[in-house]
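The structure appears right after this line, and notes come after that.
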Amino acid sequence: MHDQPKYIPLRQSTFFADQRSARPLVAGTVARGQLHDDPLLFTGKVNGADATMFPFAIDEKVMARGQERFNIYCSPCHGRTGRGDGMVVRRGYRQPPTYHQDRLRDAPVGHFFDVMTNGFGAMPDYAAQVAPADRWAIAAYIRALQLSEHARLDDVPQGERSRLR
């Protein structure tokens, strides 16, 4: 199998008259799943600035998915609570900032999506590992973590307050 006849993409070939090993794409061809025509969903930006809203409704299912993906991809560094005390940090890796500082609580939600997509500082990008919808779900879960650390009694619905006392 090592020496089998095959054509390597973008290499010269004698099979076709134009000496190419592959045929050029038909004009106007768009690969399935590659159009990415929703800039908010795929970039986290609106008119070049970090988005302040989500591209779809956030419900219980999205939050559960966000928590699951956060625990898989983010918690090794950021910790389960978002304080930046994950297991790899405890073993000497550079500590990320806590999500509970004012700078990140005030950051637009598109900032978190952009950092997951493109990386920032010591954090690598996760665009290849985490689908755009899952990055948004993680951003929603990060917002829930931030709220959990800084919630006031007024943030709790009236009917649920008695359970807290």
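By order in the structure tokens, chains are A, B, ...; within a chain, residues start at 1; ligands start at 1, following the order shown.
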
Could you list, with a cut-off of 12 Å and counting only C-alpha atoms, the residues of range 31-60 of chain A near range 107-119 of chain A, each shown with its nearest atom pair and the distance in Å rounded to one decimal, rows sorted by chain and ascending number, as CSV?
residue,atom,partner,partner_atom,distance
A:Pro39,CA,A:Gly110,CA,11.4
A:Leu40,CA,A:Gly110,CA,8.5
A:Leu41,CA,A:Phe113,CA,9.4
A:Phe42,CA,A:Thr117,CA,9.0
A:Thr43,CA,A:Asp114,CA,6.7
A:Gly44,CA,A:Gly110,CA,4.6
A:Lys45,CA,A:Gly110,CA,6.2
A:Val46,CA,A:Gly110,CA,8.8
A:Asn47,CA,A:Gly110,CA,11.9
A:Gly48,CA,A:Gly110,CA,10.7
A:Ala49,CA,A:Gly110,CA,8.2
A:Asp50,CA,A:Gly110,CA,4.5
A:Ala51,CA,A:Gly110,CA,4.3
A:Thr52,CA,A:Pro108,CA,4.9
A:Met53,CA,A:Val109,CA,6.7
A:Phe54,CA,A:Val109,CA,7.5
A:Pro55,CA,A:Gly110,CA,10.0

Counting only C-alpha atoms, what is within 12 Å of Glu149 in chain A, bar same-chain residues fewer than 3 positions away, as a PyMOL selection string?
chain A and resi 81-83+98-102+105+142-146+152+155

Store the residues picked out above in a file with all heavy atoms, as a CSV table (one decimal), in the first residue's frame.
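In the end it all went to part-v3.csv:
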chain,number,residue,atom,x,y,z
A,81,THR,N,-15.5,26.1,38.8
A,81,THR,CA,-16.2,27.3,39.2
A,81,THR,C,-15.8,28.5,38.5
A,81,THR,O,-16.3,29.6,38.7
A,81,THR,CB,-16.0,27.5,40.7
A,81,THR,OG1,-14.6,27.7,41.0
A,81,THR,CG2,-16.5,26.4,41.6
A,82,GLY,N,-14.8,28.4,37.6
A,82,GLY,CA,-14.3,29.5,36.8
A,82,GLY,C,-13.3,30.4,37.5
A,82,GLY,O,-13.1,31.5,37.1
A,83,ARG,N,-12.7,29.9,38.6
A,83,ARG,CA,-11.8,30.8,39.3
A,83,ARG,C,-10.4,30.7,38.8
A,83,ARG,O,-9.5,31.4,39.3
A,83,ARG,CB,-11.8,30.4,40.8
A,83,ARG,CG,-13.1,30.6,41.5
A,83,ARG,CD,-13.0,30.4,43.0
A,83,ARG,NE,-14.2,30.9,43.7
A,83,ARG,CZ,-14.3,32.2,44.0
A,83,ARG,NH1,-13.4,33.1,43.7
A,83,ARG,NH2,-15.4,32.6,44.7
A,98,THR,N,-9.6,34.7,36.7
A,98,THR,CA,-10.9,34.3,37.2
A,98,THR,C,-12.0,35.0,36.4
A,98,THR,O,-11.9,36.1,36.0
A,98,THR,CB,-11.1,34.6,38.7
A,98,THR,OG1,-12.4,34.2,39.0
A,98,THR,CG2,-10.9,36.0,39.0
A,99,TYR,N,-13.1,34.2,36.1
A,99,TYR,CA,-14.2,34.8,35.4
A,99,TYR,C,-15.0,35.8,36.3
A,99,TYR,O,-15.9,36.5,35.8
A,99,TYR,CB,-15.2,33.7,35.0
A,99,TYR,CG,-14.7,32.8,33.9
A,99,TYR,CD1,-14.8,31.5,34.0
A,99,TYR,CD2,-14.2,33.4,32.7
A,99,TYR,CE1,-14.4,30.6,32.9
A,99,TYR,CE2,-13.7,32.5,31.7
A,99,TYR,CZ,-13.8,31.2,31.8
A,99,TYR,OH,-13.4,30.4,30.8
A,100,HIS,N,-14.7,35.8,37.6
A,100,HIS,CA,-15.4,36.6,38.5
A,100,HIS,C,-14.9,38.0,38.8
A,100,HIS,O,-15.4,38.7,39.6
A,100,HIS,CB,-15.6,35.8,39.8
A,100,HIS,CG,-16.1,34.4,39.6
A,100,HIS,ND1,-17.4,34.2,39.2
A,100,HIS,CD2,-15.5,33.2,39.6
A,100,HIS,CE1,-17.6,32.9,39.0
A,100,HIS,NE2,-16.5,32.3,39.3
A,101,GLN,N,-13.9,38.4,38.1
A,101,GLN,CA,-13.4,39.7,38.2
A,101,GLN,C,-14.2,40.7,37.4
A,101,GLN,O,-14.9,40.3,36.4
A,101,GLN,CB,-11.9,39.8,37.8
A,101,GLN,CG,-11.7,39.4,36.3
A,101,GLN,CD,-10.2,39.5,35.9
A,101,GLN,OE1,-9.7,40.6,35.7
A,101,GLN,NE2,-9.5,38.4,35.9
A,102,ASP,N,-14.3,41.9,37.8
A,102,ASP,CA,-15.1,42.9,37.1
A,102,ASP,C,-14.9,43.0,35.6
A,102,ASP,O,-15.8,43.1,34.8
A,102,ASP,CB,-15.0,44.3,37.8
A,102,ASP,CG,-15.5,44.3,39.2
A,102,ASP,OD1,-16.4,43.5,39.5
A,102,ASP,OD2,-15.1,45.2,39.9
A,105,ARG,N,-16.7,40.1,34.0
A,105,ARG,CA,-18.1,40.1,34.2
A,105,ARG,C,-18.7,41.2,33.4
A,105,ARG,O,-19.9,41.1,32.9
A,105,ARG,CB,-18.5,40.4,35.7
A,105,ARG,CG,-18.4,39.1,36.5
A,105,ARG,CD,-18.9,39.4,37.9
A,105,ARG,NE,-18.1,40.4,38.5
A,105,ARG,CZ,-18.5,41.2,39.5
A,105,ARG,NH1,-19.7,41.0,40.0
A,105,ARG,NH2,-17.7,42.1,40.0
A,142,ILE,N,-20.7,30.2,31.2
A,142,ILE,CA,-19.8,31.1,31.9
A,142,ILE,C,-20.6,32.3,32.6
A,142,ILE,O,-20.3,32.6,33.7
A,142,ILE,CB,-18.7,31.7,31.0
A,142,ILE,CG1,-17.7,30.5,30.6
A,142,ILE,CG2,-18.0,32.8,31.6
A,142,ILE,CD1,-16.8,30.9,29.4
A,143,ARG,N,-21.5,32.8,31.8
A,143,ARG,CA,-22.4,33.8,32.4
A,143,ARG,C,-23.1,33.3,33.6
A,143,ARG,O,-23.3,34.0,34.6
A,143,ARG,CB,-23.4,34.3,31.4
A,143,ARG,CG,-22.8,35.3,30.4
A,143,ARG,CD,-22.4,36.6,31.1
A,143,ARG,NE,-22.1,37.6,30.1
A,143,ARG,CZ,-21.1,38.3,30.1
A,143,ARG,NH1,-20.2,38.2,31.0
A,143,ARG,NH2,-20.9,39.3,29.2
A,144,ALA,N,-23.6,32.1,33.6
A,144,ALA,CA,-24.3,31.5,34.8
A,144,ALA,C,-23.3,31.4,35.9
A,144,ALA,O,-23.7,31.6,37.1
A,144,ALA,CB,-24.9,30.1,34.4
A,145,LEU,N,-22.1,31.0,35.7
A,145,LEU,CA,-21.1,30.9,36.7
A,145,LEU,C,-20.8,32.3,37.3
A,145,LEU,O,-20.7,32.4,38.6
A,145,LEU,CB,-19.7,30.3,36.2
A,145,LEU,CG,-19.7,28.9,35.9
A,145,LEU,CD1,-18.3,28.5,35.3
A,145,LEU,CD2,-19.9,28.0,37.2
A,146,GLN,N,-20.7,33.3,36.5
A,146,GLN,CA,-20.5,34.6,37.0
A,146,GLN,C,-21.7,35.1,37.8
A,146,GLN,O,-21.5,35.7,38.9
A,146,GLN,CB,-20.3,35.6,35.8
A,146,GLN,CG,-19.0,35.4,35.1
A,146,GLN,CD,-18.9,36.2,33.8
A,146,GLN,OE1,-19.9,36.4,33.1
A,146,GLN,NE2,-17.7,36.6,33.5
A,152,ARG,N,-27.7,38.5,43.7
A,152,ARG,CA,-28.3,39.1,44.9
A,152,ARG,C,-29.7,38.4,45.1
A,152,ARG,O,-30.2,37.8,44.2
A,152,ARG,CB,-28.5,40.6,44.6
A,152,ARG,CG,-27.2,41.4,44.3
A,152,ARG,CD,-27.5,42.8,44.0
A,152,ARG,NE,-28.6,43.0,43.1
A,152,ARG,CZ,-28.4,43.2,41.8
A,152,ARG,NH1,-27.2,43.2,41.3
A,152,ARG,NH2,-29.4,43.4,40.9
A,155,ASP,N,-32.2,38.9,42.4
A,155,ASP,CA,-32.1,38.1,41.2
A,155,ASP,C,-32.9,36.8,41.2
A,155,ASP,O,-33.1,36.2,40.1
A,155,ASP,CB,-30.6,37.8,40.9
A,155,ASP,CG,-29.8,39.0,40.7
A,155,ASP,OD1,-30.3,40.0,40.1
A,155,ASP,OD2,-28.6,39.0,41.0

CA of Gly66 in chain A and CA of Arg135 in chain A, how far apart in Å?
7.7 Å

As a ChimeraX atom specification, list the residues of range 5-153 of chain A assigned to helix (DSSP H, G or I) by DSSP on the backbone atoms of this structure.
/A:39-43,60-78,87-90,102-105,109-118,132-150,153

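Within chain A, DSSP run on the backbone puts these residues in strand (DSSP E): Lys45, Val46, Ala49 and Asp50 of chain A.
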